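Data first, discussion second: the structure below is written as structure tokens.
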Amino acid sequence: MSAATPISMPTLPTAVPAATPGEMSVEMPVEMPTARSTTPAPPLPNIEVPLLDPAVPKRARCLMIQGTSSDVGKSLLVAGLCRAYTRRGITVRPFKAQNMSNNAAVSVDSDLPPGPDGEIRCGEIGRAQALQARACKMPASIHMNPVLLKPQACVGSQVVLRGRALGNWPARHYHELKPMLMPAVLDSLRRTAALAELVIVEGAGSGTEVYLRHCDITNMNLAELADLPVVVLTDNDRGGAIAAVVGTYLLHTAEERARIVGYIVNKFRGDFSLYEPGCQVMTEQTGWPLLGVVRWFEGAGRLPAEDALALEKPTRQTSGAAGSALLVVVPQLSRVANFDDLDPLAAEAGVVVRWIPPGEPIPAEANVVLLPGSKTTRADLDVLRREGWDIDIHAHVRRGGRVVGLCAGFQMLGHVVRDPLGIEGAAGETPGLGLLDIETTIGGDKRLIDIDRFDSVSGQRVVGYEMHMGRTDGPGLARPWLRLVGADGGETPEGAVSADGRITGAYIHGLFAADGFRSHWLRQLGAQISELDFEAQVEATLEALADHVEANLDLDALLALAR
């Protein structure tokens with residue numbers, strides 16, 4: 001183990017060099033707003049990570065996809081490319097240096113020291129990179145997404161480096177930390193490239209956030225340090241693709257422009273012959289070739305969403321008739337996490353999953369209120385009360401309705417949630433909903449573990465994962481929701497259920513992805529049971545995405561650009 005040393009970052013130039021194609025240029029002044037956060041900077045940690053032996057050769061060629069903005073479809077396109085190239089017999093790995101999302105997945109590895117019995121301890125990466133790993137038919141690794149930011153407030157996030165939490169960092173102070181993370185990022189990229197023939201690297205947000213250039217670890221600075229060829233991806237669906245691509249050209253330095261090997265237009269709908277002159281404008285103004293136009297992929301909603309931006313779009317609901325379907329409503333919490341827990345239910349023909357946005361009451365006709373995961377349990381309990389949802393939930397229970405809590409949602413069902421160390425925000429405690437006779441204290445090490453057990457209560461296999469901090473105690477645990485049978489035949493109680501069976505909660509994410517358990521749960525509620533094989537549906541969608549990418553792009557030409 002050796003201590004990571006800060007890397008010298010390039011300074012912001014006084015002006016971007018003049019453009020050549022199209023005779024366009026733009027001045028970029030160095031002066032930035034001088035207002036500073038009054039929050040004191042956390043002490044910089046002593047970051048030590050195991051580094052790969054420099055003698056290990058780079059095996060893979062790499063290609064980087066950078067976006068003109070967030071939500072242009074980078075993650076989905078990378079997943080499609082990963083599956084398409086994997087089908088060709090190429091060993092592929094995804095890589096994203098930094099992801100900001102509370103939708104996370106458990107990885108098979110981490111930089112954490114071994115457990116007391118010598119077992120390898122799990123880490124966590126962004127859900128999008130876990131899906132990309134699945135597209136490559138590989139297990140999720142911390143080296144595919146070494147830096148994970150989990151937002152806890154409007155201006156700060158928990159920073160997770162290769163499975164190890166480095167604490168909560170306000171945004172301004174995180175920028176001071178980022179140069180210290182670059183050695184670990186580059187090492188993870190080297191490790192990923194040593195195990196593959198092709199690495200598809202995804203940038204974050206926009207690659208032209210010039211005010212962050214001095215501390216960039218995930219876009220053009222990474223491309224420069226790792227010598228990555230870059231493809232620019234823009235989104236036609238929202239409009240403004242021409243301005244986005246040409247603006248990207250203007251904001252890059254001459255060296256950065258030379259690193260870009262072309263651009264792709266994503267999420268296209270309509271008659272391309274009408275749009276083709278627009279592509280000619282982009283090529284004329286930038287000198288970059290058009291590498292392809294990817295049409296809108298209708299199956300995107302059948303894959304896990306990357307982050308909570310997906311909840312701002314029209315609700316994805318099943319086609320079942322609302323009058324006869326089981327209505328599951330989900331309050332849209334401010335720091336909702338791992339909400340892909342709801343995807344298997346939403347895929348059921350006899351179930352409608354409806355997210356309730358702030359400002360709307362929980363409807364009286366709901367059959368089930370489901371409280372999802374959250375990165376800040378106490379803060380989202382405050383949200384429940386501010387929106388009046390706590391009153392709606394208690395009225396729902398009095399009417400005989402059911403309530404389910406998953407992870408943080410499980411904690412909210414108890415009498416109180418305490419955070420004496422201020423791990424999720426200001427230290428203190430917050431009353432829960434009082435629907436289960438339990439109490440939770442936030443603290444201790446984060447529990448990260450994959451679950452694949454038989455549940456003796458339902459008689460079904462349970463597959464999922466735990467990802468939480470804190471311990472829950474109380475008499476309510478004497479009535480567990482699940483009893484998980486281990487390899488030795490012993491049973492581990494999990495979660496709690498009320499005396500009347502209508503209030504249930506557990507820490508396990510992904511419960512409803514197991515077809516047998518989901519069908520058992522739906523049958524208890526008198527809902528229509530389908531023959532849905534959820535995991536097979538995800539696989540079929542990845543295959544359809546790969547077909548879509550193959551049909552819209554010249555994959556041989558793209559592969560030739562990788563180096």
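Chain labels run A, B, ... following the order of the structure tokens; each chain numbers its residues from 1, and ligands are numbered from 1 in the order shown.
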Any chance you could tabulate, as CSV, the residues of range 75-147 of chain A at most 10 Å from range 518-540 of chain A with each one's nearest atom pair and distance in Å to one decimal, using only C-alpha atoms, in chain and rising number order?
residue,atom,partner,partner_atom,distance
A:Leu131,CA,A:Val538,CA,9.6
A:Arg134,CA,A:Glu539,CA,8.8
A:Ala135,CA,A:Glu539,CA,8.3
Per-residue DSSP, range 232-261 of chain A, filtered to alpha helix (DSSP H), as a VMD selection string
chain A and resid 241 to 251 254 to 259
Would you save the residues of that selection, restricted to N, CA and C atoms, as an mmCIF file, in the first residue's frame?
data_model
loop_
_atom_site.group_PDB
_atom_site.id
_atom_site.type_symbol
_atom_site.label_atom_id
_atom_site.label_comp_id
_atom_site.auth_asym_id
_atom_site.auth_seq_id
_atom_site.Cartn_x
_atom_site.Cartn_y
_atom_site.Cartn_z
ATOM 1 N N ALA A 241 -29.317 20.131 -30.639
ATOM 2 C CA ALA A 241 -28.126 19.303 -30.824
ATOM 3 C C ALA A 241 -27.038 20.045 -31.588
ATOM 4 N N ILE A 242 -27.418 20.857 -32.572
ATOM 5 C CA ILE A 242 -26.407 21.579 -33.357
ATOM 6 C C ILE A 242 -25.639 22.542 -32.459
ATOM 7 N N ALA A 243 -26.363 23.316 -31.668
ATOM 8 C CA ALA A 243 -25.703 24.251 -30.760
ATOM 9 C C ALA A 243 -24.842 23.508 -29.742
ATOM 10 N N ALA A 244 -25.318 22.330 -29.294
ATOM 11 C CA ALA A 244 -24.568 21.569 -28.292
ATOM 12 C C ALA A 244 -23.250 21.068 -28.857
ATOM 13 N N VAL A 245 -23.271 20.546 -30.065
ATOM 14 C CA VAL A 245 -22.039 20.016 -30.665
ATOM 15 C C VAL A 245 -21.078 21.146 -31.030
ATOM 16 N N VAL A 246 -21.597 22.186 -31.676
ATOM 17 C CA VAL A 246 -20.720 23.301 -32.053
ATOM 18 C C VAL A 246 -20.212 24.018 -30.806
ATOM 19 N N GLY A 247 -21.076 24.166 -29.798
ATOM 20 C CA GLY A 247 -20.628 24.769 -28.547
ATOM 21 C C GLY A 247 -19.548 23.948 -27.871
ATOM 22 N N THR A 248 -19.672 22.630 -27.954
ATOM 23 C CA THR A 248 -18.637 21.750 -27.408
ATOM 24 C C THR A 248 -17.303 22.011 -28.096
ATOM 25 N N TYR A 249 -17.346 22.151 -29.410
ATOM 26 C CA TYR A 249 -16.122 22.442 -30.172
ATOM 27 C C TYR A 249 -15.504 23.758 -29.710
ATOM 28 N N LEU A 250 -16.328 24.780 -29.560
ATOM 29 C CA LEU A 250 -15.808 26.108 -29.224
ATOM 30 C C LEU A 250 -15.186 26.144 -27.832
ATOM 31 N N LEU A 251 -15.727 25.367 -26.909
ATOM 32 C CA LEU A 251 -15.258 25.427 -25.531
ATOM 33 C C LEU A 251 -14.039 24.550 -25.266
ATOM 34 N N ALA A 254 -7.519 23.463 -28.470
ATOM 35 C CA ALA A 254 -7.112 22.825 -29.726
ATOM 36 C C ALA A 254 -6.686 21.381 -29.488
ATOM 37 N N GLU A 255 -5.978 21.137 -28.395
ATOM 38 C CA GLU A 255 -5.533 19.770 -28.087
ATOM 39 C C GLU A 255 -6.724 18.868 -27.803
ATOM 40 N N GLU A 256 -7.711 19.389 -27.098
ATOM 41 C CA GLU A 256 -8.894 18.587 -26.783
ATOM 42 C C GLU A 256 -9.706 18.292 -28.039
ATOM 43 N N ARG A 257 -9.826 19.287 -28.911
ATOM 44 C CA ARG A 257 -10.558 19.073 -30.169
ATOM 45 C C ARG A 257 -9.913 17.973 -30.994
ATOM 46 N N ALA A 258 -8.588 17.960 -31.005
ATOM 47 C CA ALA A 258 -7.868 16.962 -31.797
ATOM 48 C C ALA A 258 -8.079 15.557 -31.256
ATOM 49 N N ARG A 259 -8.404 15.434 -29.977
ATOM 50 C CA ARG A 259 -8.622 14.125 -29.357
ATOM 51 C C ARG A 259 -9.988 13.549 -29.742
#
Determine which residues of range 42-134 of chain A receive a DSSP assignment of strand (DSSP E), computed from the backbone, and state them as a PyMOL selection string.
chain A and resi 48-49+61-67+92-95+98-100+104-107+123-126
Residue contacts of range 70-75 of chain A (6 Å, only C-alpha atoms) excluding same-chain residues fewer than 2 positions away, as a list in words
Leu77, Val78, Gly205, Ser206, Thr234 and Asp235 of chain A
Okay, now the selection with N, CA, C and O atoms, as a short mmCIF file (atom, residue, chain, number, x, y, z; two decimals), in the first residue's frame?
data_model
loop_
_atom_site.label_atom_id
_atom_site.label_comp_id
_atom_site.auth_asym_id
_atom_site.auth_seq_id
_atom_site.Cartn_x
_atom_site.Cartn_y
_atom_site.Cartn_z
N LEU A 77 -26.25 3.89 -24.18
CA LEU A 77 -25.47 3.59 -25.38
C LEU A 77 -24.28 2.71 -25.03
O LEU A 77 -23.98 1.73 -25.75
N VAL A 78 -23.60 3.03 -23.93
CA VAL A 78 -22.45 2.20 -23.52
C VAL A 78 -22.90 0.78 -23.22
O VAL A 78 -22.24 -0.19 -23.61
N GLY A 205 -21.82 13.77 -17.21
CA GLY A 205 -22.43 15.05 -17.54
C GLY A 205 -21.94 15.55 -18.89
O GLY A 205 -21.90 14.81 -19.87
N SER A 206 -21.54 16.80 -18.92
CA SER A 206 -20.98 17.39 -20.13
C SER A 206 -19.46 17.38 -20.06
O SER A 206 -18.88 17.64 -19.00
N THR A 234 -24.54 13.53 -28.55
CA THR A 234 -25.54 14.58 -28.31
C THR A 234 -26.94 13.99 -28.43
O THR A 234 -27.13 12.91 -29.00
N ASP A 235 -27.92 14.70 -27.89
CA ASP A 235 -29.30 14.22 -27.77
C ASP A 235 -30.18 15.06 -28.67
O ASP A 235 -30.33 16.27 -28.46
#
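Distances here use only C-alpha atoms; by that measure, the residue among A:Asp445, A:Glu494, A:Asp111, A:Asp343 closest to Phe410 in chain A is A:Glu494.
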Quick one: of A:Val281, A:Ile438, A:Ala105, A:Ile125, who's nearest to Gly474 in chain A, counting only C-alpha atoms?
A:Ile438
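Checking A:Ala171, A:Met100, A:Asp271, A:Ala305 one by one against Val147 in chain A, counting only C-alpha atoms, you find the shortest gap at A:Met100.
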Could you give me, as a list in words, the residues within 9 Å of Phe268 in chain A, counting only C-alpha atoms and dropping anything in the same chain fewer than 3 positions from it?
Asp235, Asn236, Asp237, Val265, Phe272, Val293, Val294, Arg295 and Trp296 of chain A
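Proximity ranking of A:Gly262, A:Gly167, A:Gly388, A:Pro229 relative to Glu202 in chain A places A:Pro229 first, based on only C-alpha atoms.
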Selected residue, from A:Leu406, A:Cys62, A:Leu76, A:Leu303, that lies nearest to Arg190 in chain A when counting only C-alpha atoms:
A:Cys62
Neighbour list for Pro42 in chain A as a VMD selection string, cut-off 12 Å, only C-alpha atoms, skip fewer than 2 positions in-chain
chain A and resid 39 to 40 44 to 45 156 166 to 177
Go ahead and dump the residues you just picked, C-alpha atoms, as a PDB file, in the first residue's frame.
ATOM      1  CA  THR A  39     -18.895  25.629   5.490  1.00  0.00           C
ATOM      2  CA  PRO A  40     -15.419  24.652   6.685  1.00  0.00           C
ATOM      3  CA  LEU A  44      -8.284  15.944   3.510  1.00  0.00           C
ATOM      4  CA  PRO A  45      -8.017  12.180   4.043  1.00  0.00           C
ATOM      5  CA  GLY A 156     -23.039  17.823  -0.907  1.00  0.00           C
ATOM      6  CA  LEU A 166     -14.615   8.980   2.574  1.00  0.00           C
ATOM      7  CA  GLY A 167     -17.346  10.934   4.361  1.00  0.00           C
ATOM      8  CA  ASN A 168     -19.711  13.678   3.299  1.00  0.00           C
ATOM      9  CA  TRP A 169     -18.289  16.491   1.186  1.00  0.00           C
ATOM     10  CA  PRO A 170     -19.868  19.820   0.230  1.00  0.00           C
ATOM     11  CA  ALA A 171     -19.520  20.328  -3.512  1.00  0.00           C
ATOM     12  CA  ARG A 172     -16.938  23.124  -3.326  1.00  0.00           C
ATOM     13  CA  HIS A 173     -14.668  21.176  -0.981  1.00  0.00           C
ATOM     14  CA  TYR A 174     -15.078  18.004  -3.020  1.00  0.00           C
ATOM     15  CA  HIS A 175     -13.354  19.796  -5.886  1.00  0.00           C
ATOM     16  CA  GLU A 176     -10.337  20.188  -3.606  1.00  0.00           C
ATOM     17  CA  LEU A 177     -10.422  16.454  -2.898  1.00  0.00           C
TER      18      LEU A 177
END
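Across the model, the gap from CA of Leu477 in chain A to CA of Val497 in chain A is 7.8 Å.
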Just want the 9 Å neighbourhood of Lys58 in chain A, counted on only C-alpha atoms, with same-chain residues fewer than 2 positions away dropped. Output as a PyMOL selection string.
chain A and resi 56+60-61+190-196
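Distance-wise, CA of Val199 in chain A and CA of Gly299 in chain A end up 24.5 Å apart.
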Pick the closest to Leu371 in chain A from A:Gly359, A:Gly489, A:Pro116, A:Gly505: which is it, counting only C-alpha atoms?
A:Gly505
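Excluding Tyr263 in chain A itself and any same-chain residue fewer than 3 positions from it, the protein and nucleic acid residues within 6 Å of it, counting only C-alpha atoms, are Val231, Val232, Leu233, Leu290 and Leu291 of chain A.
Going from CA of Arg93 in chain A to CA of Arg335 in chain A covers 29.6 Å.
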